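Q: Okay, here's the structure, questions in a sec.
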Amino acid sequence: MARISPKLRLLGALTVPFLAAIGTLAASCSSTPDEESGALGKDVKQIVYVVRQTQVVGSDGSVDINVAGGMGQVMDYGRYMPGGRLEIKDLVTGKVQNVIEGFATADVQSLDLSFDATKVVFSMKKDSNDDFHIYVADLKRGADGKFPIRQLTFGPNDDIYPVWVAGGKIAFVTNQAYTEMGTRADEYNHSRVVTQIATVTETGGDADRKLCSHNLSHTINLFAMQDGRIGFSRWEHLENINDVKLFAMNPDCSQMVAVGGQHGKPGNSLVQISETNTQNVFLGITTSRENTIQAGALIRMDARSASDPTRVYEEDPKFEVLTPGVPRGMDPSPVGRYRYPVSLPDGRILVSWASGFVNELNELSLTPPDFGLYLYNPSTRENQLVANYEGSWELYGRPVVKRAEPPIIASVTDTVDPTVAAVFGSVDVRNTSLFSVHGQRVSGAQFDATSMDDALAQTDKVRIIEGFSSEAAPGVTMFGLTMAEGAAVLGEADVYEDGSWLAAIPPYVPVHLQPIDKYGLSIRNQTTWIQGMPGEDRVCGGCHEDRGKPFDPGGQALTIAAGKGPQNFNQPIATRAEYPWYKANAGFEMNEVQALLDAKCVSCHNESTNGNGPQEFYTVSMADPLGGAATVYQIPRMDLSNRPITVTYDNMTNEYPASYVSIFYPGALEMEMDDATVTGTIPPIWAVNSSARQSALIEKLNAVSLYNAADTAWKLGEPFSDPNIKGGTRALHPENVGTTLTREERMILIRAIDLGGQYYARQNTAFAPYGSGTGNQY
């Protein structure tokens, strides 16, 4: 295929002002090389970058235009257009060379420069029948006149975003299948194949391939950190959390931890991050998660700890938006958008930039934005053109300059055996900064705006929740009327008198934690996935302890948990506790929610009656987004039968039992309210996803202590917190009307809500690998 208009505009060749339409908008003004020296600084003699096509001409003269195909979201990677190039430009002579000149139909997805600045590692797809694989190329021609190129990875996987790591390693992102079920397919956008991190060595390639722990959603944009770790952006989808944050890990895949964005950030997604010349100060892009063609505003993030600048302070990094005129959402931009910034030795920024809206309007009009390479001066807020082809994108620019190789971090986990447990725990779960730094309080049951410090003092156990995604539940694209993923309880670890706990859990799998009180109610819900490699020890100081203070588990006094050893929750999938709502598979009926409701509740709460009165209903009219007739649903206040009811949630229409709709639809309406008109009285929020203690249903039933059946979470005889809860004052229900629930039966309902309110589980779908030899790794 032929390229269209291969006219290159280069630094030093442009003599007239360009993009005058930008005018005086301060965020992204532009200058010509005549207005500045035209150099990238005295230390930068060459740059290397990728040229990606946006349009190709067929042999019949037809034009194929690709605006955002394969990369509509910031974590997508499937774009392929032939005719890509990997160019190195000499800024002194102006000479431009194509490193991959022998691959006419290739596309290059990303690149990184070696620490000694003599080689590049890049991801390339040779043609439409190929996958993206990792290659290394020398930046000087060999004796045969060609640039030496070596392919490191093979196979039917996409391997992308490679970066150099100290000690001859290369880390990258892959969509390689982790288990016999394939790669993860997260709940929110199940059709996209989830990516995770892997490593190889430069000398061994795939022979040394190692896969890291899983996440439920994509990992992208790797970069080497000066302290020897690997930084990366990660799509965090955990219930109602749906954004992209910054993380880091050791090169052996251990100690995956948050770096920034957990407690606030200037936009939904932090992507395309790189570290500046100052350790723990980062450049990157903030933007919407989708519809901005992976482009956005330039930001600087200072994550240095005040007490020790060589340490990251994740609690409160300082963000500076360097291009304030660029929208940080998906609105059309008046001044264009940026991609892939990198800091130059003099503090200026080499970055890709395109003028115009740079959002979905470009897709609708089949007008690709014209990304070129520019210098951005944060002081003057000006762009200076470096290189720009018409009809293509110039991306991933890097100055060809030596960098200090980071220190090698010794490996603490060499085994990849999925039967070897990871150990999680806390020295003192009561140690937290969630109140002192973030002002978090807890309400519900025995707590009334109680500080997180005081609430965590009542921690009795730590609930460890495995997350799984829709590839584990065939045919499931939403787990129910919530945004929660699939969930299973690996175990509830005992917290000892000194606040310590330890648990051995399956490696690789993503989990999140809930400290729970003696009533079995979650005190807080961790909203970040954490994971461990086989044999990895992940013991923290507390429950989100002060990140500004160093913590050395080996320097602590022996805890009670350490003396007793970890509780063993490293169990096969088949024995993990799930709470399917209805139609549990054979052998898993013991935790089916509907079975409990049928046995204890339906006689009073059904289509006709609700307690001692007639059933009440409210009507929900859902607007048709295409302008058609509205859909009307009649929802019972509290019908706990299994009769089917059809409802719409998150633009999907499904049938669920009346019990599930009654309990979870009042909360779901909060999300759907823009499209819904309600007639009648909406019941209380019977179930607050992931918070049984704030759920009206659990307050109505009440919860009892593990140690004393007469000890209830809500004091008996007091008014309900919501006057819309009927029945006078708090009691132990349904005991007050002659039916008894055991504590474990109450815990089925409490856990079902605390886990996220899912309808589907592996235990009520066609999930297959129960009991198989590989069933422990998922």
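Ordering of the structure tokens sets the chain letters (A, B, ...), residue numbers begin anew at 1 in every chain, and ligands are numbered from 1 in the order given.
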From region 29-147 of chain A, collect each residue whose DSSP state is strand (DSSP E or B) and return the set as a count of residues only.
A: 47
Q: Find the residues around Ile408 (chain A) up to 9 Å (only C-alpha atoms counted), leave out those fewer than 4 positions away in its own chain, and share them as a short mmCIF file (atom, residue, chain, number, x, y, z; two decimals) with C-alpha atoms, in the first residue's frame.
A:
data_model
loop_
_atom_site.label_atom_id
_atom_site.label_comp_id
_atom_site.auth_asym_id
_atom_site.auth_seq_id
_atom_site.Cartn_x
_atom_site.Cartn_y
_atom_site.Cartn_z
CA VAL A 165 14.75 -2.82 33.03
CA ALA A 166 18.07 -2.88 34.88
CA GLY A 167 20.12 -6.03 34.45
CA ASP A 227 14.81 3.41 41.87
CA GLY A 228 14.81 0.23 39.78
CA ARG A 229 11.08 -0.43 39.79
CA PRO A 251 11.11 -6.27 38.22
#
Q: Looking at A:Arg79, A:Lys245, A:Lys210, A:Arg441, which one is nearest to Gln53 (chain A), with distances taken over only C-alpha atoms?
A: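 Under the stated criterion, the closest residue is A:Arg79.
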Q: List every residue of region 347-581 of chain A that DSSP, applied to the backbone of this structure, assigns to helix (DSSP H, G or I), and report them as a PyMOL selection string.
A: chain A and resi 360-364+452-456+470-472+553-555+560-564+573-575
Q: Can you list, as a VMD selection string, every protein, DNA or RNA residue that comes within 8 Å of Thr195 (chain A) when you count only C-alpha atoms, leaving out same-chain residues fewer than 6 positions away?
A: chain A and resid 173 to 176 183 217 to 220
Q: Could those residues be written to a file, using N, CA and C atoms, as an mmCIF file, in the first residue's frame?
A:
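Result file is result.cif:
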data_model
loop_
_atom_site.group_PDB
_atom_site.id
_atom_site.type_symbol
_atom_site.label_atom_id
_atom_site.label_comp_id
_atom_site.auth_asym_id
_atom_site.auth_seq_id
_atom_site.Cartn_x
_atom_site.Cartn_y
_atom_site.Cartn_z
ATOM 1 N N VAL A 173 3.764 -5.521 28.223
ATOM 2 C CA VAL A 173 2.380 -5.883 28.496
ATOM 3 C C VAL A 173 1.951 -6.919 27.476
ATOM 4 N N THR A 174 1.176 -7.903 27.920
ATOM 5 C CA THR A 174 0.762 -8.978 27.022
ATOM 6 C C THR A 174 -0.685 -9.350 27.260
ATOM 7 N N ASN A 175 -1.334 -9.866 26.217
ATOM 8 C CA ASN A 175 -2.669 -10.440 26.388
ATOM 9 C C ASN A 175 -2.609 -11.957 26.334
ATOM 10 N N GLN A 176 -1.457 -12.522 26.658
ATOM 11 C CA GLN A 176 -1.311 -13.970 26.729
ATOM 12 C C GLN A 176 -2.301 -14.552 27.730
ATOM 13 N N THR A 183 -7.539 -15.165 28.807
ATOM 14 C CA THR A 183 -7.266 -13.926 29.516
ATOM 15 C C THR A 183 -8.527 -13.427 30.192
ATOM 16 N N SER A 217 -8.478 -5.683 35.022
ATOM 17 C CA SER A 217 -8.568 -4.810 33.852
ATOM 18 C C SER A 217 -7.165 -4.502 33.350
ATOM 19 N N HIS A 218 -7.093 -3.745 32.274
ATOM 20 C CA HIS A 218 -5.848 -3.548 31.542
ATOM 21 C C HIS A 218 -4.743 -2.874 32.351
ATOM 22 N N THR A 219 -3.517 -3.293 32.039
ATOM 23 C CA THR A 219 -2.303 -2.604 32.455
ATOM 24 C C THR A 219 -1.644 -2.051 31.197
ATOM 25 N N ILE A 220 -1.155 -0.814 31.255
ATOM 26 C CA ILE A 220 -0.623 -0.153 30.060
ATOM 27 C C ILE A 220 0.554 0.740 30.430
#
